[in-house]
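Asks: After the structure tokens below, expect a handful of questions from me.
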Amino acid sequence: MTAFLAVACGLFGLAVGSFLNVVIHRVPRKESIVQPRSSCPSCHTPITNRDNIPVLSWLLLRGKCRTCSQPISPRYPLVEAATAALFVGGAFRFGYDWSLPAFLVLFAGLLALAFTDLEHLLLPIRIVYPVLFLEAALLVVAALATGQWSRLGVAAASGAVAAGSFYLLHAINPHWMAFGDVRLAGVIGLGLGWLGALIALVGIFLAFLFGALVGVVLIATKKIGPKARIPFGVFLAAGAFVAIYAGHPLVHLYLRP
Ligand SMILES: [Zn+2]
């Protein structure tokens with residue numbers, strides 16, 4: 001039965017990934033995400049349905065526009081495949097659990113935000129707030145269905161503590177932590193807190209670890225200067241993904257006497 005759920009989540013993930021591509025491209029440019037329909041960024045020819053199949057169309061067209069033959073960014077199939085992979089992973093991680101929808105929302109939101117941060121150094125509130133609202137609503141539904149109110153309490157507290165701690169860093173020095181990261185920490189603390197306060201801590205810790213490692217490598221290889229802004233949302237998302245899938249084994253490994 002999990003196999004069926006995994007296939008369903010994978011197909012749903014491809015469709016959601018296709019939508020995320022629109023969000024990633026348009027939201028930082030302050031464009032509508034519902035219309036007009038997608039067109040080639042080079043020649044502006046509208047993209048037909050047969051050329052809009054996730055991953056497959058890009059492969060069949062060999063990464064080029066059918067009309068003008070200009071290259072189409074590999075980001076499009078990458079986002080679609082990554083969303084599908086995260087959703088399939090979610091199906092295996094959670095199974096038929098009431099909290100699965102909340103985590104699918106979190107996966108999709110984190111992926112979109114990682115890419116807007118990477119490309120534009122932006123964590124747009126037009127993505128962050130809908131994700132936070134949906135995630136919170138779906139966790140309340142999960143608590144209603146299963147009676148796990150204490151889990152919801154831990155989730156809410158973890159979100160508040162994460163956002164509060166990041167806000168402190170931001171208030172001391174805005175160069176340490178942008179305000180977008182404060183909101184994102186709240187979103188991640190809430191989701192990971194449902195799995196336990198320790199898991200939320202692991203996710204945030206991993207974000208700082210990944211960020212420090214990559215930052216040191218980039219500075220050492222002179223790819224960036226020591227004062228460069230790094231897209232910390234990318235590392236927050238990466239830390240959250242690892243904590244959701246591997247947080248429990250990691251915590252046990254560390255706490256084992
Ligand atoms: Zn074109």
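By order in the structure tokens, chains are A, B, ...; within a chain, residues start at 1; ligands start at 1, following the order shown.
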Could you give me, as a short mmCIF file (atom, residue, chain, number, x, y, z; two decimals) with all heavy atoms, in the first residue's frame, every polymer residue with an atom at most 9 Å away from an atom of ligand 1, counting only C-alpha atoms and all ligand atoms?

Replies:
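As a result, pocket.cif now contains:
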```cif
data_model
loop_
_atom_site.label_atom_id
_atom_site.label_comp_id
_atom_site.auth_asym_id
_atom_site.auth_seq_id
_atom_site.Cartn_x
_atom_site.Cartn_y
_atom_site.Cartn_z
N SER A 39 5.50 31.09 -21.02
CA SER A 39 6.03 31.25 -22.36
C SER A 39 7.55 31.15 -22.31
O SER A 39 8.15 31.22 -21.24
CB SER A 39 5.61 32.61 -22.93
OG SER A 39 6.13 33.64 -22.13
N CYS A 40 8.14 30.98 -23.51
CA CYS A 40 9.60 30.88 -23.59
C CYS A 40 10.22 32.21 -23.17
O CYS A 40 9.81 33.26 -23.65
CB CYS A 40 10.00 30.54 -25.03
SG CYS A 40 11.76 30.79 -25.33
N PRO A 41 11.20 32.21 -22.24
CA PRO A 41 11.81 33.47 -21.80
C PRO A 41 12.54 34.19 -22.94
O PRO A 41 12.73 35.41 -22.87
CB PRO A 41 12.81 33.04 -20.73
CG PRO A 41 12.51 31.62 -20.41
CD PRO A 41 11.79 31.04 -21.58
N SER A 42 12.94 33.49 -24.00
CA SER A 42 13.68 34.12 -25.10
C SER A 42 12.75 34.69 -26.17
O SER A 42 12.83 35.86 -26.51
CB SER A 42 14.63 33.11 -25.75
OG SER A 42 15.52 32.60 -24.79
N CYS A 43 11.85 33.84 -26.74
CA CYS A 43 11.04 34.31 -27.88
C CYS A 43 9.59 34.59 -27.48
O CYS A 43 8.80 35.03 -28.31
CB CYS A 43 11.09 33.28 -29.02
SG CYS A 43 10.25 31.74 -28.62
N HIS A 44 9.24 34.32 -26.21
CA HIS A 44 7.90 34.61 -25.66
C HIS A 44 6.78 33.84 -26.34
O HIS A 44 5.61 34.22 -26.21
CB HIS A 44 7.63 36.13 -25.69
CG HIS A 44 8.70 36.90 -24.98
ND1 HIS A 44 8.88 36.85 -23.63
CD2 HIS A 44 9.68 37.71 -25.47
CE1 HIS A 44 9.93 37.60 -23.29
NE2 HIS A 44 10.43 38.13 -24.39
N THR A 45 7.09 32.76 -27.06
CA THR A 45 6.04 31.90 -27.61
C THR A 45 5.40 31.13 -26.45
O THR A 45 6.12 30.54 -25.65
CB THR A 45 6.64 30.88 -28.62
OG1 THR A 45 7.40 31.59 -29.57
CG2 THR A 45 5.55 30.06 -29.28
N PRO A 46 4.05 31.17 -26.34
CA PRO A 46 3.41 30.41 -25.25
C PRO A 46 3.76 28.92 -25.33
O PRO A 46 3.89 28.38 -26.43
CB PRO A 46 1.91 30.63 -25.50
CG PRO A 46 1.84 31.89 -26.31
CD PRO A 46 3.08 31.89 -27.15
N ILE A 47 3.93 28.29 -24.18
CA ILE A 47 4.31 26.87 -24.16
C ILE A 47 3.05 26.01 -24.22
O ILE A 47 2.14 26.17 -23.40
CB ILE A 47 5.16 26.57 -22.91
CG1 ILE A 47 6.51 27.30 -23.03
CG2 ILE A 47 5.39 25.07 -22.73
CD1 ILE A 47 7.28 27.40 -21.75
N LYS A 64 15.87 22.63 -25.23
CA LYS A 64 15.79 23.81 -26.10
C LYS A 64 14.33 24.14 -26.41
O LYS A 64 13.48 23.27 -26.49
CB LYS A 64 16.52 23.54 -27.42
CG LYS A 64 18.02 23.43 -27.27
CD LYS A 64 18.67 23.36 -28.64
CE LYS A 64 20.17 23.24 -28.53
NZ LYS A 64 20.63 21.87 -28.81
N CYS A 65 14.06 25.45 -26.63
CA CYS A 65 12.71 25.88 -27.01
C CYS A 65 12.38 25.34 -28.40
O CYS A 65 13.21 25.37 -29.30
CB CYS A 65 12.65 27.41 -27.02
SG CYS A 65 11.15 28.07 -27.76
N ARG A 66 11.14 24.83 -28.58
CA ARG A 66 10.73 24.24 -29.86
C ARG A 66 10.73 25.30 -30.98
O ARG A 66 11.04 24.99 -32.13
CB ARG A 66 9.31 23.65 -29.72
CG ARG A 66 8.84 22.89 -30.94
CD ARG A 66 7.41 22.42 -30.78
NE ARG A 66 7.27 21.34 -29.82
CZ ARG A 66 7.51 20.05 -30.09
NH1 ARG A 66 7.89 19.70 -31.29
NH2 ARG A 66 7.36 19.13 -29.16
N THR A 67 10.41 26.57 -30.62
CA THR A 67 10.30 27.61 -31.64
C THR A 67 11.65 28.26 -31.97
O THR A 67 12.04 28.34 -33.13
CB THR A 67 9.31 28.70 -31.16
OG1 THR A 67 8.14 28.05 -30.67
CG2 THR A 67 8.94 29.64 -32.29
N CYS A 68 12.37 28.73 -30.93
CA CYS A 68 13.57 29.52 -31.20
C CYS A 68 14.87 28.76 -30.91
O CYS A 68 15.96 29.29 -31.14
CB CYS A 68 13.55 30.82 -30.38
SG CYS A 68 13.76 30.58 -28.62
N SER A 69 14.76 27.54 -30.38
CA SER A 69 15.94 26.69 -30.10
C SER A 69 16.90 27.27 -29.06
O SER A 69 18.00 26.77 -28.90
CB SER A 69 16.72 26.39 -31.39
OG SER A 69 15.93 25.62 -32.25
N GLN A 70 16.46 28.34 -28.36
CA GLN A 70 17.31 28.85 -27.27
C GLN A 70 17.26 27.86 -26.11
O GLN A 70 16.23 27.22 -25.89
CB GLN A 70 16.80 30.22 -26.81
CG GLN A 70 17.14 31.37 -27.75
CD GLN A 70 18.63 31.57 -27.92
OE1 GLN A 70 19.36 31.71 -26.95
NE2 GLN A 70 19.09 31.55 -29.19
N PRO A 71 18.39 27.71 -25.38
CA PRO A 71 18.39 26.74 -24.27
C PRO A 71 17.38 27.10 -23.18
O PRO A 71 17.18 28.29 -22.87
CB PRO A 71 19.82 26.79 -23.75
CG PRO A 71 20.50 27.91 -24.42
CD PRO A 71 19.69 28.35 -25.59
N ILE A 72 16.74 26.10 -22.61
CA ILE A 72 15.84 26.27 -21.47
C ILE A 72 16.59 25.78 -20.24
O ILE A 72 17.18 24.70 -20.27
CB ILE A 72 14.54 25.46 -21.66
CG1 ILE A 72 13.80 25.93 -22.91
CG2 ILE A 72 13.63 25.58 -20.44
CD1 ILE A 72 12.74 24.96 -23.38
#
```

Asks: Against range 6-29 of chain A, which residues of range 118-147 of chain A fall within 9 Å? For each one I want the closest pair of atoms and the distance in Å (one decimal), counting only C-alpha atoms, rows by chain and increasing residue number, as CSV.

Replies:
```
residue,atom,partner,partner_atom,distance
A:His120,CA,A:Pro28,CA,7.3
A:Leu122,CA,A:Pro28,CA,7.2
A:Leu123,CA,A:Pro28,CA,8.6
A:Pro124,CA,A:Pro28,CA,6.8
A:Arg126,CA,A:Val27,CA,7.2
A:Ile127,CA,A:Val27,CA,7.9
```

Asks: Go through range 104-214 of chain A residue by residue and, counting only C-alpha atoms, keep those with an atom at most 8 Å from range 228-244 of chain A; for each kept residue give the shortest atom pair and its distance in Å to one decimal, ordered by chain and increasing number, as a Markdown table.

Replies:
```
| residue | atom | partner | partner_atom | distance |
| --- | --- | --- | --- | --- |
| A:Phe107 | CA | A:Phe241 | CA | 7.7 |
| A:Leu110 | CA | A:Ala237 | CA | 5.4 |
| A:Leu111 | CA | A:Ala237 | CA | 7.1 |
| A:Leu113 | CA | A:Gly233 | CA | 6.8 |
| A:Ala114 | CA | A:Val234 | CA | 4.4 |
| A:Phe115 | CA | A:Val234 | CA | 7.3 |
| A:Asp117 | CA | A:Pro231 | CA | 5.3 |
| A:Leu118 | CA | A:Pro231 | CA | 5.6 |
| A:Leu121 | CA | A:Pro231 | CA | 5.6 |
| A:Leu123 | CA | A:Gly233 | CA | 7.3 |
| A:Asp181 | CA | A:Gly233 | CA | 6.4 |
| A:Leu184 | CA | A:Gly233 | CA | 7.4 |
| A:Ala185 | CA | A:Leu236 | CA | 7.5 |
| A:Ile188 | CA | A:Ala240 | CA | 6.7 |
| A:Leu192 | CA | A:Ile244 | CA | 6.7 |
| A:Leu195 | CA | A:Ile244 | CA | 7.8 |
| A:Ile199 | CA | A:Ala243 | CA | 6.1 |
| A:Ala200 | CA | A:Ala243 | CA | 7.5 |
| A:Val202 | CA | A:Ala243 | CA | 6.1 |
| A:Gly203 | CA | A:Gly239 | CA | 4.7 |
| A:Ile204 | CA | A:Gly239 | CA | 6.3 |
| A:Phe205 | CA | A:Gly239 | CA | 7.5 |
| A:Leu206 | CA | A:Gly239 | CA | 4.8 |
| A:Ala207 | CA | A:Gly239 | CA | 4.5 |
| A:Phe208 | CA | A:Phe235 | CA | 7.3 |
| A:Phe210 | CA | A:Phe235 | CA | 6.1 |
| A:Gly211 | CA | A:Phe235 | CA | 5.7 |
```

Asks: Can you tell me how far CA of Leu56 in chain A sits from CA of Ser38 in chain A, in Å to one decimal?

Replies: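 Atom-to-atom, CA of Leu56 in chain A to CA of Ser38 in chain A, that is 16.6 Å.
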
Asks: Enumerate, as an MDAnalysis selection string, the complete set of residues in range 6-102 of chain A that a backbone-based DSSP assignment places in helix (DSSP H, G or I).

Replies: chainID A and resid 6:29 49:51 56:60 75:94 100:102
